[in-house]
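This is run28.pdb (PDB, C-alpha atoms and all ligand atoms).
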```
ATOM      1  CA  MET S 186      32.173  55.945 139.091
ATOM      2  CA  ALA S 187      32.949  59.635 139.131
ATOM      3  CA  VAL S 188      34.615  60.642 142.352
ATOM      4  CA  THR S 189      35.371  64.175 143.427
ATOM      5  CA  ASP S 190      38.839  65.186 144.471
ATOM      6  CA  ASP S 191      37.441  68.039 146.546
ATOM      7  CA  GLU S 192      38.812  67.274 149.984
ATOM      8  CA  ASP S 193      35.813  68.826 151.702
ATOM      9  CA  PHE S 194      33.252  67.138 149.498
ATOM     10  CA  TYR S 195      31.620  65.156 152.277
ATOM     11  CA  MET S 196      31.586  68.260 154.438
ATOM     12  CA  LYS S 197      29.358  70.145 152.016
ATOM     13  CA  LYS S 198      27.100  67.551 150.503
ATOM     14  CA  PRO S 199      24.323  67.389 153.119
ATOM     15  CA  ASP S 200      23.822  71.155 153.050
ATOM     16  CA  GLU S 201      23.105  71.276 149.365
ATOM     17  CA  SER S 202      19.461  70.591 149.884
ATOM     18  CA  ARG S 203      17.291  70.973 152.941
ATOM     19  CA  PRO S 204      14.996  68.070 153.746
ATOM     20  CA  ARG S 205      11.371  68.976 154.338
ATOM     21  CA  LEU S 206       9.644  67.586 157.413
ATOM     22  CA  GLY S 207       5.980  67.431 158.268
ATOM     23  CA  ILE S 208       5.459  68.532 161.880
ATOM     24  CA  SER S 209       2.477  68.385 164.201
ATOM     25  CA  ALA S 210       1.655  72.089 164.373
ATOM     26  CA  CYS S 211       1.529  72.328 168.178
ATOM     27  CA  LEU S 212       5.218  71.314 168.305
ATOM     28  CA  LEU S 213       6.130  74.541 166.524
ATOM     29  CA  GLY S 214       4.346  76.612 169.134
ATOM     30  CA  GLN S 215       1.069  77.032 167.277
ATOM     31  CA  ARG S 216      -1.835  77.337 169.711
ATOM     32  CA  VAL S 217      -3.926  74.596 168.192
ATOM     33  CA  ARG S 218      -4.395  72.203 171.093
ATOM     34  CA  PHE S 219      -7.827  71.473 172.557
ATOM     35  CA  ASP S 220      -7.219  74.017 175.350
ATOM     36  CA  GLY S 221      -5.694  76.696 173.128
ATOM     37  CA  GLY S 222      -2.175  75.787 174.199
ATOM     38  CA  HIS S 223       0.825  74.452 172.348
ATOM     39  CA  LYS S 224       3.707  72.040 172.942
ATOM     40  CA  ASN S 225       6.604  73.990 171.520
ATOM     41  CA  ASN S 226       9.653  71.746 171.172
ATOM     42  CA  ARG S 227      12.904  73.689 171.412
ATOM     43  CA  PHE S 228      15.015  71.048 169.706
ATOM     44  CA  ILE S 229      12.767  71.300 166.657
ATOM     45  CA  THR S 230      12.372  75.080 166.634
ATOM     46  CA  ASP S 231      15.952  75.958 167.566
ATOM     47  CA  THR S 232      18.161  73.183 166.212
ATOM     48  CA  LEU S 233      16.355  71.349 163.438
ATOM     49  CA  ALA S 234      14.989  74.574 161.975
ATOM     50  CA  GLU S 235      18.502  75.627 161.001
ATOM     51  CA  HIS S 236      18.879  72.686 158.649
ATOM     52  CA  LEU S 237      15.433  71.458 157.682
ATOM     53  CA  ASP S 238      12.265  73.045 156.357
ATOM     54  CA  PHE S 239       8.915  72.347 157.969
ATOM     55  CA  GLU S 240       5.361  71.910 156.848
ATOM     56  CA  THR S 241       2.919  72.111 159.741
ATOM     57  CA  VAL S 242      -0.128  69.918 159.964
ATOM     58  CA  CYS S 243      -2.814  69.983 162.663
ATOM     59  CA  PRO S 244      -5.208  67.211 161.706
ATOM     60  CA  GLU S 245      -7.799  68.204 164.285
ATOM     61  CA  ILE S 246      -8.039  71.852 163.241
ATOM     62  CA  GLU S 247      -7.727  71.086 159.547
ATOM     63  CA  SER S 248     -10.468  68.460 159.747
ATOM     64  CA  GLY S 249     -12.895  71.037 161.130
ATOM     65  CA  MET S 250     -12.478  71.057 164.907
ATOM     66  CA  SER S 251     -12.268  74.298 166.832
ATOM     67  CA  VAL S 252      -9.988  75.843 169.476
ATOM     68  CA  PRO S 253     -10.864  75.295 172.260
ATOM     69  CA  ARG S 254     -12.624  71.982 171.706
ATOM     70  CA  PRO S 255     -13.760  68.963 173.684
ATOM     71  CA  THR S 256     -10.992  66.437 174.262
ATOM     72  CA  ILE S 257     -11.004  63.368 172.067
ATOM     73  CA  GLN S 258      -9.653  59.862 172.532
ATOM     74  CA  LEU S 259      -9.250  56.504 170.887
ATOM     75  CA  ARG S 260     -11.849  54.021 172.064
ATOM     76  CA  GLN S 261     -12.300  50.334 171.362
ATOM     77  CA  VAL S 262     -15.762  49.771 169.877
ATOM     78  CA  GLY S 263     -16.286  46.120 168.997
ATOM     79  CA  ASP S 264     -13.429  45.096 166.743
ATOM     80  CA  GLU S 265     -12.533  48.638 165.820
ATOM     81  CA  VAL S 266     -10.660  51.507 167.391
ATOM     82  CA  ARG S 267     -12.645  54.704 166.894
ATOM     83  CA  LEU S 268     -11.860  58.372 167.419
ATOM     84  CA  VAL S 269     -14.521  59.828 169.721
ATOM     85  CA  GLU S 270     -15.150  62.724 172.074
ATOM     86  CA  SER S 271     -13.974  61.788 175.558
ATOM     87  CA  LYS S 272     -17.118  62.926 177.333
ATOM     88  CA  ARG S 273     -19.534  61.977 174.544
ATOM     89  CA  PRO S 274     -18.262  58.640 173.216
ATOM     90  CA  GLY S 275     -21.277  58.491 170.930
ATOM     91  CA  HIS S 276     -19.882  61.451 169.013
ATOM     92  CA  ASP S 277     -17.680  59.548 166.587
ATOM     93  CA  LEU S 278     -15.157  61.614 164.609
ATOM     94  CA  THR S 279     -13.395  58.745 162.839
ATOM     95  CA  GLN S 280     -14.933  59.263 159.415
ATOM     96  CA  GLN S 281     -14.407  63.023 159.562
ATOM     97  CA  MET S 282     -10.730  62.525 160.345
ATOM     98  CA  THR S 283     -10.277  59.740 157.795
ATOM     99  CA  ASP S 284     -11.866  61.752 154.976
ATOM    100  CA  TYR S 285      -9.718  64.752 155.816
ATOM    101  CA  ALA S 286      -6.572  62.625 156.032
ATOM    102  CA  GLN S 287      -7.028  61.038 152.620
ATOM    103  CA  ALA S 288      -7.349  64.449 150.968
ATOM    104  CA  ARG S 289      -4.493  66.016 152.941
ATOM    105  CA  LEU S 290      -2.138  63.133 152.311
ATOM    106  CA  ASP S 291      -2.365  63.743 148.575
ATOM    107  CA  ARG S 292      -0.397  66.945 149.244
ATOM    108  CA  LEU S 293       2.315  65.458 151.455
ATOM    109  CA  SER S 294       4.136  63.114 149.092
ATOM    110  CA  HIS S 295       7.075  65.549 148.859
ATOM    111  CA  LEU S 296       7.986  65.200 152.547
ATOM    112  CA  ASP S 297      11.258  63.584 153.655
ATOM    113  CA  GLY S 298      10.095  62.809 157.184
ATOM    114  CA  PHE S 299       7.454  63.597 159.778
ATOM    115  CA  ILE S 300       7.679  64.416 163.491
ATOM    116  CA  PHE S 301       4.424  63.718 165.291
ATOM    117  CA  LYS S 302       3.185  64.744 168.730
ATOM    118  CA  LYS S 303       3.204  61.790 171.093
ATOM    119  CA  ASP S 304       0.098  60.408 172.822
ATOM    120  CA  SER S 305      -2.314  62.270 170.554
ATOM    121  CA  PRO S 306      -5.320  60.271 169.266
ATOM    122  CA  SER S 307      -4.740  62.024 165.943
ATOM    123  CA  CYS S 308      -0.944  62.392 165.750
ATOM    124  CA  GLY S 309       0.596  59.808 168.099
ATOM    125  CA  VAL S 310       2.642  57.040 166.511
ATOM    126  CA  PHE S 311       3.577  54.729 169.374
ATOM    127  CA  ARG S 312       1.650  53.516 172.405
ATOM    128  CA  VAL S 313      -1.264  55.916 172.163
ATOM    129  CA  PRO S 314      -3.854  55.222 174.901
ATOM    130  CA  VAL S 315      -7.003  53.397 173.816
ATOM    131  CA  VAL S 316     -10.013  53.241 176.174
ATOM    132  CA  ILE S 317     -11.072  49.616 176.143
ATOM    133  CA  ASN S 318     -14.078  49.468 178.492
ATOM    134  CA  GLU S 319     -16.794  51.557 180.114
ATOM    135  CA  HIS S 320     -14.687  51.964 183.267
ATOM    136  CA  GLY S 321     -12.130  53.947 181.341
ATOM    137  CA  TYR S 322      -9.443  51.262 181.446
ATOM    138  CA  ARG S 323      -6.794  51.918 178.781
ATOM    139  CA  ASN S 324      -4.178  49.980 176.981
ATOM    140  CA  ARG S 325      -1.368  51.715 175.153
ATOM    141  CA  GLU S 326      -1.570  49.951 171.843
ATOM    142  CA  GLY S 327      -3.069  52.682 169.718
ATOM    143  CA  THR S 328      -1.844  54.884 166.881
ATOM    144  CA  GLY S 329      -3.313  58.276 166.073
ATOM    145  CA  VAL S 330      -5.761  58.189 163.180
ATOM    146  CA  PHE S 331      -3.899  60.693 161.029
ATOM    147  CA  ALA S 332      -0.481  59.238 161.830
ATOM    148  CA  ARG S 333      -1.739  55.758 160.899
ATOM    149  CA  ALA S 334      -3.081  57.026 157.585
ATOM    150  CA  PHE S 335       0.211  58.810 156.861
ATOM    151  CA  MET S 336       2.322  55.719 157.526
ATOM    152  CA  ASP S 337       0.000  53.530 155.445
ATOM    153  CA  ARG S 338       0.178  55.920 152.487
ATOM    154  CA  TYR S 339       3.907  56.658 152.738
ATOM    155  CA  PRO S 340       5.656  53.662 154.287
ATOM    156  CA  LEU S 341       9.086  54.843 153.102
ATOM    157  CA  ILE S 342       8.981  58.278 154.709
ATOM    158  CA  PRO S 343      10.694  58.214 158.138
ATOM    159  CA  VAL S 344       8.436  59.133 161.056
ATOM    160  CA  GLU S 345       9.254  59.821 164.669
ATOM    161  CA  GLU S 346       7.608  61.241 167.781
ATOM    162  CA  GLU S 347       8.897  64.371 169.418
ATOM    163  CA  GLY S 348       9.346  62.681 172.811
ATOM    164  CA  ARG S 349      11.615  60.008 171.355
ATOM    165  CA  LEU S 350      13.897  62.660 169.891
ATOM    166  CA  ASN S 351      15.255  63.122 173.418
ATOM    167  CA  ASP S 352      16.922  59.739 172.990
ATOM    168  CA  ALA S 353      20.235  60.356 171.214
ATOM    169  CA  ALA S 354      20.250  57.024 169.373
ATOM    170  CA  LEU S 355      16.677  57.400 168.127
ATOM    171  CA  ARG S 356      17.255  61.028 167.156
ATOM    172  CA  GLU S 357      20.373  60.119 165.212
ATOM    173  CA  ASN S 358      18.684  57.204 163.517
ATOM    174  CA  PHE S 359      15.712  59.337 162.464
ATOM    175  CA  LEU S 360      17.833  62.145 161.043
ATOM    176  CA  GLU S 361      20.120  59.750 159.203
ATOM    177  CA  ARG S 362      17.073  58.232 157.546
ATOM    178  CA  VAL S 363      15.605  61.627 156.667
ATOM    179  CA  PHE S 364      18.796  62.828 154.978
ATOM    180  CA  ALA S 365      19.333  59.491 153.225
ATOM    181  CA  TYR S 366      15.777  59.488 151.896
ATOM    182  CA  ARG S 367      16.249  63.032 150.663
ATOM    183  CA  ARG S 368      19.411  62.011 148.823
ATOM    184  CA  TRP S 369      17.553  59.106 147.251
ATOM    185  CA  LYS S 370      14.844  61.401 145.925
ATOM    186  CA  GLU S 371      17.462  63.772 144.527
ATOM    187  CA  ILE S 372      19.135  61.274 142.217
ATOM    188  CA  PRO S 373      18.829  63.184 138.947
ATOM    189  CA  ALA S 374      16.625  61.634 136.250
ATOM    190  CA  ALA S 375      16.239  58.693 138.601
ATOM    191  CA  GLU S 376      14.106  56.583 136.244
ATOM    192  CA  ARG S 377      16.963  56.298 133.720
ATOM    193  CA  ASN S 378      19.993  56.923 135.885
ATOM    194  CA  VAL S 379      21.631  53.547 136.468
ATOM    195  CA  GLN S 380      24.867  55.219 137.541
ATOM    196  CA  GLY S 381      23.049  57.369 140.102
ATOM    197  CA  PHE S 382      21.468  54.253 141.580
ATOM    198  CA  ILE S 383      24.802  52.472 141.880
ATOM    199  CA  GLU S 384      26.466  55.554 143.315
ATOM    200  CA  PHE S 385      23.775  55.959 145.967
ATOM    201  CA  HIS S 386      24.385  52.410 147.115
ATOM    202  CA  THR S 387      28.159  52.761 147.014
ATOM    203  CA  ARG S 388      28.241  55.960 149.020
ATOM    204  CA  HIS S 389      26.034  54.490 151.748
ATOM    205  CA  LYS S 390      28.178  51.383 152.136
ATOM    206  CA  LEU S 391      29.568  52.235 155.561
ATOM    207  CA  MET S 392      26.220  53.429 156.890
ATOM    208  CA  LEU S 393      24.791  50.055 155.886
ATOM    209  CA  MET S 394      27.743  48.189 157.386
ATOM    210  CA  ALA S 395      27.035  49.943 160.686
ATOM    211  CA  ARG S 396      23.630  48.205 160.638
ATOM    212  CA  GLY S 397      25.061  44.733 160.405
ATOM    213  CA  SER S 398      27.358  42.538 158.437
ATOM    214  CA  GLY S 399      25.862  41.197 155.267
ATOM    215  CA  VAL S 400      23.377  44.010 154.796
ATOM    216  CA  TYR S 401      25.577  45.842 152.322
ATOM    217  CA  GLN S 402      26.051  42.647 150.312
ATOM    218  CA  GLU S 403      22.336  41.914 150.384
ATOM    219  CA  LEU S 404      21.529  45.340 149.006
ATOM    220  CA  GLY S 405      24.478  45.091 146.632
ATOM    221  CA  ARG S 406      22.870  42.076 144.985
ATOM    222  CA  MET S 407      19.831  44.237 144.275
ATOM    223  CA  VAL S 408      22.072  46.725 142.460
ATOM    224  CA  ALA S 409      24.441  44.322 140.670
ATOM    225  CA  GLY S 410      23.976  44.145 136.926
ATOM    226  CA  VAL S 411      21.142  46.650 136.869
ATOM    227  CA  LYS S 412      20.148  47.973 133.439
ATOM    228  CA  VAL S 413      17.819  50.733 132.376
ATOM    229  CA  ALA S 414      15.215  48.109 131.427
ATOM    230  CA  ASP S 415      14.867  46.803 134.970
ATOM    231  CA  LEU S 416      15.904  49.954 136.828
ATOM    232  CA  ALA S 417      12.416  50.956 137.989
ATOM    233  CA  GLN S 418      11.703  47.542 139.472
ATOM    234  CA  ARG S 419      15.119  47.294 141.121
ATOM    235  CA  ARG S 420      14.893  50.799 142.546
ATOM    236  CA  GLU S 421      11.534  50.125 144.139
ATOM    237  CA  ALA S 422      12.679  46.913 145.794
ATOM    238  CA  TYR S 423      15.974  48.472 146.835
ATOM    239  CA  ILE S 424      14.616  51.566 148.558
ATOM    240  CA  GLN S 425      12.064  49.530 150.488
ATOM    241  CA  ARG S 426      14.797  47.304 151.892
ATOM    242  CA  PHE S 427      17.230  50.189 152.340
ATOM    243  CA  MET S 428      14.795  52.165 154.493
ATOM    244  CA  GLN S 429      13.991  49.040 156.519
ATOM    245  CA  VAL S 430      17.665  48.439 157.190
ATOM    246  CA  MET S 431      18.329  52.055 158.067
ATOM    247  CA  GLU S 432      15.628  51.883 160.722
ATOM    248  CA  GLN S 433      17.733  49.409 162.671
ATOM    249  CA  THR S 434      19.749  51.134 165.339
ATOM    250  CA  THR S 435      23.415  50.320 165.436
ATOM    251  CA  HIS S 436      25.725  49.642 168.385
ATOM    252  CA  ARG S 437      29.288  50.287 169.455
ATOM    253  CA  GLY S 438      30.746  47.007 168.221
ATOM    254  CA  ARG S 439      29.450  47.580 164.715
ATOM    255  CA  GLN S 440      30.568  51.192 164.710
ATOM    256  CA  ILE S 441      34.061  50.116 165.721
ATOM    257  CA  ASN S 442      34.116  47.600 162.871
ATOM    258  CA  VAL S 443      33.370  50.469 160.488
ATOM    259  CA  LEU S 444      36.009  52.712 162.082
ATOM    260  CA  GLN S 445      38.591  49.942 161.743
ATOM    261  CA  HIS S 446      37.548  49.410 158.136
ATOM    262  CA  ILE S 447      38.190  53.101 157.412
ATOM    263  CA  MET S 448      41.494  53.006 159.240
ATOM    264  CA  GLY S 449      42.534  50.088 157.029
ATOM    265  CA  TYR S 450      42.639  52.464 154.059
ATOM    266  CA  LEU S 451      45.110  54.643 155.943
ATOM    267  CA  LYS S 452      47.320  52.014 157.537
ATOM    268  CA  ASP S 453      50.305  52.559 155.249
ATOM    269  CA  LEU S 454      50.011  56.325 155.430
ATOM    270  CA  LEU S 455      49.835  57.012 159.148
ATOM    271  CA  THR S 456      52.665  57.214 161.614
ATOM    272  CA  ARG S 457      52.804  54.771 164.481
ATOM    273  CA  GLU S 458      51.751  57.568 166.840
ATOM    274  CA  ASP S 459      48.783  58.465 164.615
ATOM    275  CA  LYS S 460      47.644  54.855 164.617
ATOM    276  CA  GLN S 461      47.982  54.588 168.384
ATOM    277  CA  GLU S 462      46.025  57.759 168.843
ATOM    278  CA  LEU S 463      43.255  56.520 166.544
ATOM    279  CA  LEU S 464      43.077  53.123 168.219
ATOM    280  CA  GLY S 465      42.986  54.886 171.570
ATOM    281  CA  THR S 466      39.881  56.845 170.536
ATOM    282  CA  PHE S 467      38.269  53.628 169.250
ATOM    283  CA  GLU S 468      38.821  51.977 172.631
ATOM    284  CA  ALA S 469      37.647  55.042 174.540
ATOM    285  CA  TYR S 470      34.503  55.025 172.416
ATOM    286  CA  ARG S 471      34.056  51.311 173.064
ATOM    287  CA  HIS S 472      34.155  52.000 176.815
ATOM    288  CA  CYS S 473      31.746  54.958 176.602
ATOM    289  CA  GLU S 474      34.486  57.436 177.477
ATOM    290  CA  LEU S 475      34.238  59.338 174.197
ATOM    291  CA  PRO S 476      31.385  59.943 171.765
ATOM    292  CA  LEU S 477      31.523  58.458 168.285
ATOM    293  CA  ILE S 478      32.141  61.877 166.762
ATOM    294  CA  THR S 479      35.657  61.928 168.275
ATOM    295  CA  PRO S 480      37.185  59.017 166.307
ATOM    296  CA  ILE S 481      35.205  60.085 163.249
ATOM    297  CA  THR S 482      36.593  63.625 163.460
ATOM    298  CA  LEU S 483      40.097  62.257 163.794
ATOM    299  CA  LEU S 484      39.597  59.984 160.798
ATOM    300  CA  ARG S 485      38.244  62.896 158.784
ATOM    301  CA  HIS S 486      41.359  64.859 159.683
ATOM    302  CA  HIS S 487      43.607  62.080 158.353
ATOM    303  CA  LEU S 488      41.433  61.677 155.267
ATOM    304  CA  ARG S 489      41.928  65.337 154.437
ATOM    305  CA  ILE S 490      45.684  64.832 154.574
ATOM    306  CA  HIS S 491      45.590  61.448 152.803
ATOM    307  CA  PRO S 492      42.410  61.499 150.660
ATOM    308  CA  GLN S 493      40.949  58.109 149.831
ATOM    309  CA  PRO S 494      38.308  58.836 147.205
ATOM    310  CA  TYR S 495      36.187  55.794 147.960
ATOM    311  CA  ILE S 496      36.156  56.517 151.696
ATOM    312  CA  ASN S 497      35.968  60.305 151.503
ATOM    313  CA  GLN S 498      32.712  60.049 149.584
ATOM    314  CA  GLN S 499      31.039  57.881 152.226
ATOM    315  CA  TYR S 500      28.041  59.500 153.880
ATOM    316  CA  TYR S 501      28.977  57.651 157.047
ATOM    317  CA  LEU S 502      31.582  60.340 157.690
ATOM    318  CA  GLN S 503      28.924  63.020 157.714
ATOM    319  CA  PRO S 504      25.362  61.762 157.273
ATOM    320  CA  CYS S 505      23.865  65.132 158.277
ATOM    321  CA  PRO S 506      25.190  68.656 158.924
ATOM    322  CA  ASP S 507      27.652  68.650 161.832
ATOM    323  CA  LYS S 508      25.671  71.285 163.687
ATOM    324  CA  LEU S 509      22.951  68.752 164.358
ATOM    325  CA  ALA S 510      25.510  67.265 166.734
ATOM    326  CA  LEU S 511      24.779  63.646 165.965
ATOM    327  CA  ARG S 512      27.129  61.078 167.477
ATOM    328  CA  SER S 513      28.051  63.542 170.213
ATOM    329  CA  VAL S 514      26.493  61.733 173.147
TER     330      VAL S 514
HETATM  331  S1  LIG Z   1      -1.248  66.736 168.478
HETATM  332 FE1  LIG Z   1      -1.786  66.953 166.320
HETATM  333  S2  LIG Z   1      -3.984  67.245 166.296
HETATM  334 FE2  LIG Z   1      -3.315  67.614 168.405
HETATM  335  S3  LIG Z   1      -2.988  69.820 168.496
HETATM  336 FE3  LIG Z   1      -1.020  68.906 167.975
HETATM  337  S4  LIG Z   1      -0.992  68.971 165.746
HETATM  338 FE4  LIG Z   1      -3.105  69.291 166.332
END
```

What does this structure look like when you write it as structure tokens?
Ligand code: SF4
Amino acid sequence: MAVTDDEDFYMKKPDESRPRLGISACLLGQRVRFDGGHKNNRFITDTLAEHLDFETVCPEIESGMSVPRPTIQLRQVGDEVRLVESKRPGHDLTQQMTDYAQARLDRLSHLDGFIFKKDSPSCGVFRVPVVINEHGYRNREGTGVFARAFMDRYPLIPVEEEGRLNDAALRENFLERVFAYRRWKEIPAAERNVQGFIEFHTRHKLMLMARGSGVYQELGRMVAGVKVADLAQRREAYIQRFMQVMEQTTHRGRQINVLQHIMGYLKDLLTREDKQELLGTFEAYRHCELPLITPITLLRHHLRIHPQPYINQQYYLQPCPDKLALRSV
């Protein structure tokens, strides 16, 4: 496999192409909510906007509702969950929203991820309230109608809710998936490019290892021996499993295994003091005294001095632009 000898290769790669995210429009400060307000999210508008492009979607406005408008909700009606006006439950908007969604989704296949507004009967992904009886009792088992349609149409595209982005682990996991999915889609001439397929897998080895032992081997078996004749079939199966695996959050023990694995490539090249310093950062990370970025930054420093082509090309060392400050908490 072709490997660059550019020592800063992994520092530049993620910036080559900006992923494109769908965003619930109110999260970008657009005044599209039922009351004419918005829910501007500063992390999205200030931080993510520097490194990702956005495509706003407001399913309620785009499906024909006005601003201001009556509030709507999910409501259990028989065996079905319907989208209705809160004060006029007989006014059922489900078909209107579903018809709109099917047409709109045709124009969203290029997205690399989607950030939805939480709790919305149109946009919410997790635990959206559903009114289940005439007394207004609610469970929280719903999914917004548009969000559901999006996930059904595009099961590979990473989705997240804006509220969950406050959780460092969930935020990191989402962004790692977005950038990985973008890289997958950018394999040149993907339908014939066996080498590109193998390289994608190889360069994500350590990110997969951080999700659990055996996962890399499992996916490796899907790549082994691939030929142009069966590339399309293998690719489809691979990316489904890859995105599933990437959704798993990792933990400190697994991260330390990966750090030790990287250090193994340097063991004959580092001084005793360097090794002690590295192991000290691993232990401090294990005990929550340092963020993961500290041992990774130190390893990157040593890898600049002692390049190891196979390791230097690993996306684990920089899955996204540094300014997104992943692994800093
Ligand atoms: S949550 Fe979705 S439907 Fe509601 S205002 Fe925001 S973008 Fe529009």

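You can rank S:Glu458, S:Asp277, S:Glu240, S:Glu235 by their closest distance to ligand LIG 1 (chain Z) using only C-alpha atoms and all ligand atoms, and at the top of that list sits S:Glu240.
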
I'd like the interatomic distance between atom CA of S:Leu404 and atom CA of S:Leu206, to a tenth of an Å.
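Those two atoms sit 26.6 Å apart.
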
May I ask for the distance between atom CA of S:Arg396 and atom CA of S:Glu421, given in Å to one decimal place?
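Atom-to-atom, atom CA of S:Arg396 and atom CA of S:Glu421 are spaced 20.5 Å apart.
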
Of S:Leu296, S:Val379, S:Cys308, S:Leu268, the one sitting nearest ligand LIG 1 (chain Z) when using all atoms listed in the file is S:Cys308

Which residues fall under the PyMOL selection byres (((chain S and resi 496-503) around 6) and not hetatm) in this file, as a count of residues only?
10

Test item: residues no farther than 6 Å from ligand LIG 1 (chain Z), counting only C-alpha atoms and all ligand atoms, as a PyMOL selection string:
chain S and resi 209-211+217-218+242-245+302+305+307-308

Picked residues, the PyMOL selection byres (((chain S and resi 412) around 12) and not hetatm), as an mmCIF file with C-alpha atoms, in the coordinates of the input:
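The resulting file, out-v7.cif, is reproduced below:
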```
data_model
loop_
_atom_site.group_PDB
_atom_site.id
_atom_site.type_symbol
_atom_site.label_atom_id
_atom_site.label_comp_id
_atom_site.auth_asym_id
_atom_site.auth_seq_id
_atom_site.Cartn_x
_atom_site.Cartn_y
_atom_site.Cartn_z
ATOM 1 C CA GLU S 376 14.106 56.583 136.244
ATOM 2 C CA ARG S 377 16.963 56.298 133.720
ATOM 3 C CA ASN S 378 19.993 56.923 135.885
ATOM 4 C CA VAL S 379 21.631 53.547 136.468
ATOM 5 C CA GLN S 380 24.867 55.219 137.541
ATOM 6 C CA GLY S 381 23.049 57.369 140.102
ATOM 7 C CA PHE S 382 21.468 54.253 141.580
ATOM 8 C CA ILE S 383 24.802 52.472 141.880
ATOM 9 C CA MET S 407 19.831 44.237 144.275
ATOM 10 C CA VAL S 408 22.072 46.725 142.460
ATOM 11 C CA ALA S 409 24.441 44.322 140.670
ATOM 12 C CA GLY S 410 23.976 44.145 136.926
ATOM 13 C CA VAL S 411 21.142 46.650 136.869
ATOM 14 C CA VAL S 413 17.819 50.733 132.376
ATOM 15 C CA ALA S 414 15.215 48.109 131.427
ATOM 16 C CA ASP S 415 14.867 46.803 134.970
ATOM 17 C CA LEU S 416 15.904 49.954 136.828
ATOM 18 C CA ALA S 417 12.416 50.956 137.989
ATOM 19 C CA GLN S 418 11.703 47.542 139.472
ATOM 20 C CA ARG S 419 15.119 47.294 141.121
ATOM 21 C CA ARG S 420 14.893 50.799 142.546
#
```

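This file, queried with the PyMOL selection byres (((chain S and resi 463-476) around 9) and not hetatm), gives the residues Arg437, Gly438, Ile441, Leu444, Gln445, Met448, Glu458, Asp459, Lys460, Gln461, Glu462, Leu477, Ile478, Thr479, Pro480, Leu483, Leu484, Arg512, Ser513 and Val514 of chain S.
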
Rounded to one decimal in Å, what is the spacing between atom CA of S:Val344 and atom CA of S:Thr482?
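Spanning atom CA of S:Val344 to atom CA of S:Thr482 is a straight-line distance of 28.6 Å.
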
Selection near S:Ala365, 12 Å with all atoms listed in the file, sequence-local residues under 6 positions removed, as a PDB file with C-alpha atoms, in the frame of the given file:
```
ATOM      1  CA  LYS S 198      27.100  67.551 150.503  1.00  0.00           C
ATOM      2  CA  PRO S 199      24.323  67.389 153.119  1.00  0.00           C
ATOM      3  CA  SER S 202      19.461  70.591 149.884  1.00  0.00           C
ATOM      4  CA  ARG S 203      17.291  70.973 152.941  1.00  0.00           C
ATOM      5  CA  PRO S 204      14.996  68.070 153.746  1.00  0.00           C
ATOM      6  CA  ASP S 297      11.258  63.584 153.655  1.00  0.00           C
ATOM      7  CA  GLY S 298      10.095  62.809 157.184  1.00  0.00           C
ATOM      8  CA  LEU S 341       9.086  54.843 153.102  1.00  0.00           C
ATOM      9  CA  ILE S 342       8.981  58.278 154.709  1.00  0.00           C
ATOM     10  CA  PRO S 343      10.694  58.214 158.138  1.00  0.00           C
ATOM     11  CA  ASN S 358      18.684  57.204 163.517  1.00  0.00           C
ATOM     12  CA  PHE S 359      15.712  59.337 162.464  1.00  0.00           C
ATOM     13  CA  GLU S 371      17.462  63.772 144.527  1.00  0.00           C
ATOM     14  CA  ILE S 372      19.135  61.274 142.217  1.00  0.00           C
ATOM     15  CA  PHE S 385      23.775  55.959 145.967  1.00  0.00           C
ATOM     16  CA  HIS S 386      24.385  52.410 147.115  1.00  0.00           C
ATOM     17  CA  ARG S 388      28.241  55.960 149.020  1.00  0.00           C
ATOM     18  CA  HIS S 389      26.034  54.490 151.748  1.00  0.00           C
ATOM     19  CA  MET S 392      26.220  53.429 156.890  1.00  0.00           C
ATOM     20  CA  LEU S 393      24.791  50.055 155.886  1.00  0.00           C
ATOM     21  CA  ILE S 424      14.616  51.566 148.558  1.00  0.00           C
ATOM     22  CA  PHE S 427      17.230  50.189 152.340  1.00  0.00           C
ATOM     23  CA  MET S 428      14.795  52.165 154.493  1.00  0.00           C
ATOM     24  CA  VAL S 430      17.665  48.439 157.190  1.00  0.00           C
ATOM     25  CA  MET S 431      18.329  52.055 158.067  1.00  0.00           C
ATOM     26  CA  GLU S 432      15.628  51.883 160.722  1.00  0.00           C
ATOM     27  CA  GLN S 499      31.039  57.881 152.226  1.00  0.00           C
ATOM     28  CA  TYR S 500      28.041  59.500 153.880  1.00  0.00           C
ATOM     29  CA  TYR S 501      28.977  57.651 157.047  1.00  0.00           C
ATOM     30  CA  GLN S 503      28.924  63.020 157.714  1.00  0.00           C
ATOM     31  CA  PRO S 504      25.362  61.762 157.273  1.00  0.00           C
ATOM     32  CA  CYS S 505      23.865  65.132 158.277  1.00  0.00           C
TER      33      CYS S 505
END
```

Compute the distance from (22.8, 62.0, 168.7) to each atom, counting all atoms listed in the file, keep the residues with any atom at most 8 Å away, and return them as a list in words; use the coordinates of the file.
Asp352, Ala353, Ala354, Leu355, Arg356, Glu357, Ala510, Leu511, Arg512, Ser513 and Val514 of chain S

Using only C-alpha atoms for the distances, tell me which of S:Leu233, S:Val310, S:Ile447, S:Ala375 is nearest to S:Arg349.
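Smallest distance to S:Arg349 is found for S:Val310.
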
Distance criterion (only C-alpha atoms): nearest to S:Pro274 out of S:Ile208, S:Asn442, S:Arg289, S:Thr256:
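Checking each candidate against S:Pro274, we get S:Thr256 as the closest.
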
For stretch 219-224 of chain S, find every residue with an atom within 8 Å (counting all atoms listed in the file), except residues of its own chain fewer than 2 positions away, and show them as a VMD selection string.
chain S and resid 211 to 217 226 251 to 256

Could you check the closest approach to S:Arg205 for each of S:Tyr366, S:Thr279, S:Ser248, S:Gln287 and tell me which residue wins, using only C-alpha atoms?
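The shortest atom-to-atom distance to S:Arg205 comes from S:Tyr366.
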